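To be precise, the following lines are target_28.txt, and they hold compact mmCIF, C-alpha atoms.
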```txt
# COMPACT_ATOMS: atom_id res chain seq x y z
CA MET C 1460 4.80 -25.34 10.67
CA ILE C 1461 5.34 -21.74 9.55
CA LYS C 1462 9.00 -20.91 9.02
CA GLY C 1463 8.87 -17.59 7.14
CA LEU C 1464 6.71 -14.54 6.44
CA ILE C 1465 5.84 -12.55 3.33
CA PHE C 1466 4.45 -9.05 3.81
CA ASP C 1467 2.62 -6.78 1.46
CA TYR C 1468 3.65 -3.14 1.97
CA GLY C 1469 1.15 -0.55 0.70
CA ALA C 1470 -2.03 -0.44 2.82
CA THR C 1471 -0.68 -3.27 4.99
CA ILE C 1472 2.33 -1.79 6.76
CA ASP C 1473 1.92 1.89 5.91
CA SER C 1474 -1.83 2.41 6.51
CA ASN C 1475 -2.81 -0.45 8.84
CA GLY C 1476 -5.17 -2.13 6.40
CA LYS C 1477 -6.87 0.99 5.03
CA HIS C 1478 -6.88 1.38 1.25
CA TRP C 1479 -4.76 4.35 0.24
CA ALA C 1480 -7.64 5.89 -1.68
CA GLU C 1481 -9.40 6.28 1.69
CA VAL C 1482 -6.33 7.83 3.31
CA ILE C 1483 -5.97 10.36 0.49
CA TRP C 1484 -9.70 11.10 0.47
CA GLU C 1485 -9.52 12.00 4.16
CA GLN C 1486 -6.85 14.56 3.28
CA TYR C 1487 -9.05 15.96 0.49
CA VAL C 1488 -11.86 16.38 2.99
CA ALA C 1489 -9.55 18.05 5.51
CA ALA C 1490 -8.33 20.44 2.79
CA LYS C 1491 -11.95 21.16 1.76
CA VAL C 1492 -11.37 20.33 -1.89
CA PRO C 1493 -14.79 20.83 -3.58
CA VAL C 1494 -15.14 17.41 -5.24
CA THR C 1495 -17.37 14.43 -4.62
CA LYS C 1496 -15.91 11.11 -3.58
CA GLN C 1497 -16.87 9.65 -6.95
CA GLN C 1498 -14.96 12.43 -8.74
CA PHE C 1499 -11.97 11.87 -6.48
CA ARG C 1500 -11.99 8.14 -7.13
CA ALA C 1501 -11.91 8.77 -10.88
CA ALA C 1502 -8.90 11.05 -10.35
CA TYR C 1503 -7.24 8.41 -8.16
CA VAL C 1504 -7.62 5.76 -10.88
CA TYR C 1505 -6.29 8.19 -13.51
CA ALA C 1506 -3.18 8.89 -11.42
CA GLU C 1507 -2.53 5.21 -10.73
CA ARG C 1508 -2.72 4.38 -14.43
CA ALA C 1509 -0.46 7.31 -15.30
CA LEU C 1510 2.13 6.18 -12.76
CA ALA C 1511 2.00 2.65 -14.17
CA VAL C 1512 2.95 3.68 -17.72
CA ASN C 1513 5.13 6.77 -17.21
CA PRO C 1514 8.51 7.06 -15.44
CA TYR C 1515 7.38 9.84 -13.11
CA ILE C 1516 8.87 8.13 -10.05
CA LYS C 1517 12.63 7.72 -9.71
CA PRO C 1518 14.32 5.01 -7.60
CA GLU C 1519 15.58 7.62 -5.13
CA ASP C 1520 12.15 9.19 -4.50
CA ASN C 1521 10.86 8.81 -0.96
CA PHE C 1522 7.17 8.58 -0.05
CA ARG C 1523 6.77 12.36 0.27
CA ARG C 1524 7.93 12.81 -3.30
CA LEU C 1525 5.74 9.92 -4.49
CA MET C 1526 2.64 11.40 -2.88
CA LEU C 1527 3.37 14.84 -4.32
CA VAL C 1528 3.57 13.39 -7.83
CA LYS C 1529 0.44 11.31 -7.32
CA ILE C 1530 -1.65 14.20 -5.94
CA LYS C 1531 -0.49 16.50 -8.75
CA LEU C 1532 -1.67 13.91 -11.27
CA GLU C 1533 -5.04 13.67 -9.53
CA PHE C 1534 -5.44 17.44 -9.67
CA ASP C 1535 -4.40 17.44 -13.34
CA TYR C 1536 -7.36 15.16 -13.99
CA LEU C 1537 -9.75 17.25 -11.92
CA LEU C 1538 -8.65 20.43 -13.69
CA ASN C 1539 -8.70 18.91 -17.18
CA GLU C 1540 -12.21 17.58 -16.55
CA ALA C 1541 -13.27 21.06 -15.35
CA ILE C 1542 -14.27 19.58 -12.00
CA LEU C 1543 -12.06 22.17 -10.33
CA GLY C 1544 -11.84 25.76 -11.48
CA PRO C 1545 -8.58 26.70 -13.25
CA ASP C 1546 -8.48 30.12 -11.61
CA ASP C 1547 -7.87 28.69 -8.17
CA ALA C 1548 -4.30 28.36 -6.89
CA TRP C 1549 -4.11 24.66 -6.01
CA ASN C 1550 -0.38 24.25 -5.38
CA GLU C 1551 -0.68 24.94 -1.66
CA THR C 1552 -3.54 22.47 -1.36
CA ILE C 1553 -1.64 19.80 -3.32
CA ASN C 1554 1.37 20.23 -1.04
CA ALA C 1555 -0.81 20.05 2.08
CA ILE C 1556 -2.52 16.84 0.96
CA ALA C 1557 0.77 15.19 0.00
CA GLU C 1558 2.39 16.19 3.29
CA GLY C 1559 -0.63 14.97 5.25
CA CYS C 1560 -0.41 11.59 3.54
CA TYR C 1561 3.33 11.40 4.17
CA GLN C 1562 2.95 12.15 7.86
CA GLU C 1563 0.11 9.63 8.18
CA ALA C 1564 2.28 6.92 6.63
CA LYS C 1565 5.29 7.89 8.74
CA HIS C 1566 3.27 7.59 11.94
CA THR C 1567 1.64 4.29 10.91
CA VAL C 1568 4.95 2.71 9.89
CA ALA C 1569 6.52 3.81 13.18
CA GLU C 1570 3.77 1.89 15.01
CA ALA C 1571 4.22 -1.13 12.72
CA ILE C 1572 7.95 -1.25 13.49
CA LYS C 1573 7.16 -2.44 17.02
CA THR C 1574 5.48 -5.54 15.57
CA LEU C 1575 8.06 -6.04 12.83
CA LYS C 1576 10.86 -6.09 15.42
CA ILE C 1577 9.15 -8.86 17.36
CA LEU C 1578 8.36 -10.95 14.30
CA SER C 1579 11.82 -10.51 12.75
CA GLU C 1580 13.26 -12.26 15.81
CA ARG C 1581 11.02 -15.26 15.12
CA TYR C 1582 11.02 -15.55 11.33
CA PRO C 1583 12.88 -14.56 8.17
CA MET C 1584 10.76 -11.97 6.33
CA VAL C 1585 10.36 -10.93 2.70
CA LEU C 1586 8.44 -8.02 1.21
CA VAL C 1587 6.29 -8.55 -1.91
CA SER C 1588 4.72 -5.36 -3.24
CA ASN C 1589 3.12 -3.73 -6.24
CA PHE C 1590 5.15 -0.52 -6.26
CA TYR C 1591 6.67 2.12 -8.51
CA GLY C 1592 10.38 1.26 -8.55
CA ASN C 1593 11.27 3.29 -5.45
CA ILE C 1594 10.29 1.04 -2.57
CA GLN C 1595 13.89 0.77 -1.33
CA ALA C 1596 14.00 4.55 -0.87
CA VAL C 1597 10.60 4.54 0.85
CA LEU C 1598 11.58 1.79 3.27
CA ALA C 1599 14.91 3.46 4.07
CA ASP C 1600 13.23 6.80 4.74
CA PHE C 1601 10.81 5.17 7.19
CA GLY C 1602 13.48 2.98 8.80
CA VAL C 1603 12.06 -0.44 7.88
CA ASP C 1604 14.49 -1.56 5.17
CA SER C 1605 16.55 -3.67 7.59
CA PHE C 1606 13.63 -6.00 8.27
CA PHE C 1607 13.48 -7.24 4.67
CA PRO C 1608 16.74 -8.61 3.23
CA SER C 1609 14.79 -9.61 0.12
CA ILE C 1610 12.29 -7.32 -1.59
CA ILE C 1611 10.15 -8.39 -4.53
CA GLU C 1612 8.85 -5.22 -6.21
CA SER C 1613 6.52 -5.44 -9.20
CA ALA C 1614 8.18 -2.60 -11.13
CA ILE C 1615 11.53 -4.39 -10.85
CA VAL C 1616 10.57 -8.03 -11.43
CA GLY C 1617 7.94 -7.34 -14.10
CA VAL C 1618 5.14 -9.28 -12.37
CA ARG C 1619 2.21 -7.68 -10.56
CA LYS C 1620 -0.33 -8.93 -8.08
CA PRO C 1621 -2.71 -10.70 -8.27
CA ASP C 1622 -0.42 -12.94 -10.34
CA PRO C 1623 0.64 -15.72 -7.91
CA ALA C 1624 4.05 -15.77 -9.58
CA ILE C 1625 5.13 -12.68 -7.64
CA PHE C 1626 4.42 -14.46 -4.36
CA MET C 1627 6.29 -17.51 -5.58
CA LEU C 1628 9.34 -15.28 -6.00
CA GLY C 1629 8.94 -14.37 -2.33
CA VAL C 1630 8.68 -18.02 -1.32
CA GLU C 1631 11.82 -18.81 -3.30
CA ALA C 1632 13.65 -15.89 -1.66
CA LEU C 1633 12.87 -17.47 1.71
CA ASN C 1634 14.10 -20.83 0.40
CA LEU C 1635 11.03 -22.50 1.86
CA LYS C 1636 8.02 -24.46 0.68
CA PRO C 1637 4.77 -22.49 0.17
CA SER C 1638 3.16 -24.46 3.01
CA GLU C 1639 5.89 -23.15 5.34
CA VAL C 1640 5.13 -19.50 4.56
CA THR C 1641 2.45 -17.12 5.83
CA VAL C 1642 1.50 -14.16 3.62
CA ILE C 1643 0.13 -11.01 5.28
CA GLY C 1644 -1.79 -8.52 3.15
CA ASP C 1645 -4.73 -6.12 3.04
CA SER C 1646 -6.35 -7.21 -0.24
CA TYR C 1647 -8.28 -10.45 -0.52
CA ARG C 1648 -8.07 -10.45 -4.32
CA LYS C 1649 -4.46 -9.30 -4.69
CA ASP C 1650 -2.86 -10.90 -1.63
CA ILE C 1651 -4.93 -13.62 0.01
CA GLN C 1652 -6.31 -15.48 -3.00
CA PRO C 1653 -3.08 -15.71 -5.03
CA ALA C 1654 -1.03 -16.70 -1.98
CA GLN C 1655 -3.55 -19.39 -1.04
CA SER C 1656 -3.47 -20.73 -4.60
CA LEU C 1657 0.21 -21.54 -4.05
CA GLY C 1658 -0.48 -23.33 -0.78
CA CYS C 1659 0.69 -20.53 1.54
CA GLU C 1660 -1.01 -19.73 4.81
CA THR C 1661 -2.51 -16.22 4.89
CA ILE C 1662 -3.49 -13.51 7.33
CA TRP C 1663 -5.83 -10.80 6.08
CA ILE C 1664 -5.54 -7.35 7.66
CA LYS C 1665 -9.01 -6.17 6.82
CA GLY C 1666 -9.66 -2.44 6.87
CA ILE C 1667 -11.57 -0.04 4.64
CA GLY C 1668 -11.13 -1.36 1.11
CA TRP C 1669 -11.63 0.07 -2.36
CA ASP C 1670 -15.23 -1.14 -2.52
CA GLU C 1671 -17.70 -3.22 -0.51
CA SER C 1672 -17.30 -6.41 -2.52
CA GLU C 1673 -14.95 -7.97 0.04
CA ASP C 1674 -16.90 -6.96 3.14
CA LYS C 1675 -18.93 -10.17 3.25
CA ILE C 1676 -16.00 -12.49 2.55
CA ASP C 1677 -15.01 -14.62 5.52
CA HIS C 1678 -11.52 -15.87 6.27
CA PRO C 1679 -10.14 -17.92 9.17
CA ALA C 1680 -7.40 -15.39 10.00
CA ILE C 1681 -8.65 -11.81 9.88
CA ILE C 1682 -7.09 -8.99 11.89
CA THR C 1683 -8.06 -5.33 12.05
CA ASP C 1684 -4.81 -3.96 13.49
CA PHE C 1685 -1.24 -4.73 12.48
CA SER C 1686 -0.19 -5.33 16.09
CA GLU C 1687 -2.51 -8.36 16.29
CA LEU C 1688 0.01 -10.32 14.22
CA CYS C 1689 2.09 -10.97 17.32
CA ASN C 1690 -0.77 -13.01 18.77
CA LEU C 1691 -1.16 -15.16 15.66
CA LEU C 1692 2.45 -15.84 14.69
```
The structure in this file should be written as structure tokens.
Amino acid sequence: MIKGLIFDYGATIDSNGKHWAEVIWEQYVAAKVPVTKQQFRAAYVYAERALAVNPYIKPEDNFRRLMLVKIKLEFDYLLNEAILGPDDAWNETINAIAEGCYQEAKHTVAEAIKTLKILSERYPMVLVSNFYGNIQAVLADFGVDSFFPSIIESAIVGVRKPDPAIFMLGVEALNLKPSEVTVIGDSYRKDIQPAQSLGCETIWIKGIGWDESEDKIDHPAIITDFSELCNLL
């Protein structure tokens, strides 16, 4: 019997299963940035790696600030690689993309709150996330911090998905056995597989991923919208 829940955050709660590269790319398209998707993806990877090794993000930074830093890093790559022309004034575009991403997340989280309220009345809940050290500020800004008394954040605990150890920290925070916990996440490799290896139940919110490698993978509990959780739990 399931007695507790572990949630991923990024691309699970804040984008309804859609990989954040896809969300940002949609904003690039809307802003008519003259780059190919392949060029954008290279910039996305560059920014993610830069954020992982440099203290650009402060604990008090909300998601708007995080997105602004991330998009600036992506444009740094595109400019340094001469993919974009240096004579163009990109600050307005960077701000527009970051704000578009922030508003998209704000709207999606507001919809997810309806489900989180229902589930929080049934189960204790813990958040387990690969994040940048500021997830408390992000959750508070979006009004979802109260749902998760315990938060396991990779930048704080020093363990990152797909290492199962980070999920075990979530199980221990719930004070339950792995078999009594259901893990909900958007990534088969980073969420579902490591959680299953511990003996947890899993629910896969399957949206547009980073690549097509997971498209053909089957799983007994797949949802395509966050609200479907209420019917399964």
Distance query Arg1648 (chain C) at most 12 Å, all atoms listed in the file, self and fewer than 4 positions along chain excluded, as a list in words: Lys1620, Pro1621, Asp1622, Pro1623, Gly1644, Gln1652, Pro1653, Ala1654, Gln1655, Ser1656, Trp1663, Lys1665, Gly1668, Trp1669, Asp1670, Ser1672, Glu1673 and Ile1676 of chain C
Residue nearest Trp1479 (chain C) - candidates C:Leu1586, C:Ala1680, C:Met1526, C:Ile1651, atoms counted: all atoms listed in the file: C:Met1526
Spatial neighbours of Lys1477 (chain C), max dist 7 Å, only C-alpha atoms, sep filter under 6 positions, as a PyMOL selection string: chain C and resi 1470+1666-1668
Shell of 7 Å around region 1629-1634 of chain C, only C-alpha atoms, local chain residues under 5 positions omitted, as a ChimeraX atom specification: /C:1463,1465,1585,1587,1609,1611
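Straight-line separation from CA of Thr1661 (chain C) to CA of Val1642 (chain C): 4.7 Å.
Straight-line separation from CA of Pro1493 (chain C) to CA of His1478 (chain C): 21.5 Å.
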Nearest to Ile1553 (chain C), chosen from C:Lys1573, C:Lys1529, C:Lys1517, C:His1566, with all atoms listed in the file counted in the distances: C:Lys1529
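Residues in contact with Thr1567 (chain C) at up to 9 Å, not including ones fewer than 2 positions away on its chain and judged by only C-alpha atoms, are Ile1472, Asp1473, Ser1474, Asn1475, Gln1562, Glu1563, Ala1564, Lys1565, Ala1569, Glu1570, Ala1571 and Ile1572 of chain C.
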Between CA of Ile1483 (chain C) and CA of Ser1646 (chain C) - distance in Å to one decimal: 17.6 Å
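Remark: for Phe1534 (chain C), the closest of the candidate residues C:Tyr1515, C:Trp1549, C:Trp1484, C:Phe1685 is C:Trp1549 (distances computed over only C-alpha atoms).
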Residue among C:Cys1689, C:Ala1624, C:Met1460, C:Leu1527 lying closest to Leu1575 (chain C), counting only C-alpha atoms: C:Cys1689
Pick out the residues sitting within 12 Å of Asp1520 (chain C), and hand them over as a PDB file with C-alpha atoms, in the coordinates of the input; count all atoms listed in the file, and ignore anything fewer than 2 positions along from it in its own chain.
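Contents of result-v7.pdb, freshly written:
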```
ATOM      1  CA  PRO C1514       8.510   7.060 -15.440  1.00  0.00           C
ATOM      2  CA  TYR C1515       7.380   9.840 -13.110  1.00  0.00           C
ATOM      3  CA  ILE C1516       8.870   8.130 -10.050  1.00  0.00           C
ATOM      4  CA  LYS C1517      12.630   7.720  -9.710  1.00  0.00           C
ATOM      5  CA  PRO C1518      14.320   5.010  -7.600  1.00  0.00           C
ATOM      6  CA  PHE C1522       7.170   8.580  -0.050  1.00  0.00           C
ATOM      7  CA  ARG C1523       6.770  12.360   0.270  1.00  0.00           C
ATOM      8  CA  ARG C1524       7.930  12.810  -3.300  1.00  0.00           C
ATOM      9  CA  LEU C1525       5.740   9.920  -4.490  1.00  0.00           C
ATOM     10  CA  MET C1526       2.640  11.400  -2.880  1.00  0.00           C
ATOM     11  CA  LEU C1527       3.370  14.840  -4.320  1.00  0.00           C
ATOM     12  CA  VAL C1528       3.570  13.390  -7.830  1.00  0.00           C
ATOM     13  CA  TYR C1591       6.670   2.120  -8.510  1.00  0.00           C
ATOM     14  CA  GLY C1592      10.380   1.260  -8.550  1.00  0.00           C
ATOM     15  CA  ASN C1593      11.270   3.290  -5.450  1.00  0.00           C
ATOM     16  CA  ILE C1594      10.290   1.040  -2.570  1.00  0.00           C
ATOM     17  CA  GLN C1595      13.890   0.770  -1.330  1.00  0.00           C
ATOM     18  CA  ALA C1596      14.000   4.550  -0.870  1.00  0.00           C
ATOM     19  CA  VAL C1597      10.600   4.540   0.850  1.00  0.00           C
ATOM     20  CA  LEU C1598      11.580   1.790   3.270  1.00  0.00           C
ATOM     21  CA  ALA C1599      14.910   3.460   4.070  1.00  0.00           C
ATOM     22  CA  ASP C1600      13.230   6.800   4.740  1.00  0.00           C
TER      23      ASP C1600
END
```
Among listed residues C:Thr1574, C:Thr1641, C:Gln1486, C:Gln1498, nearest Tyr1536 (chain C) (using all atoms listed in the file): C:Gln1498
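You can rank C:Leu1692, C:Leu1532, C:Leu1628, C:Val1603 by their closest distance to Glu1660 (chain C) using all atoms listed in the file, and at the top of that list sits C:Leu1692.
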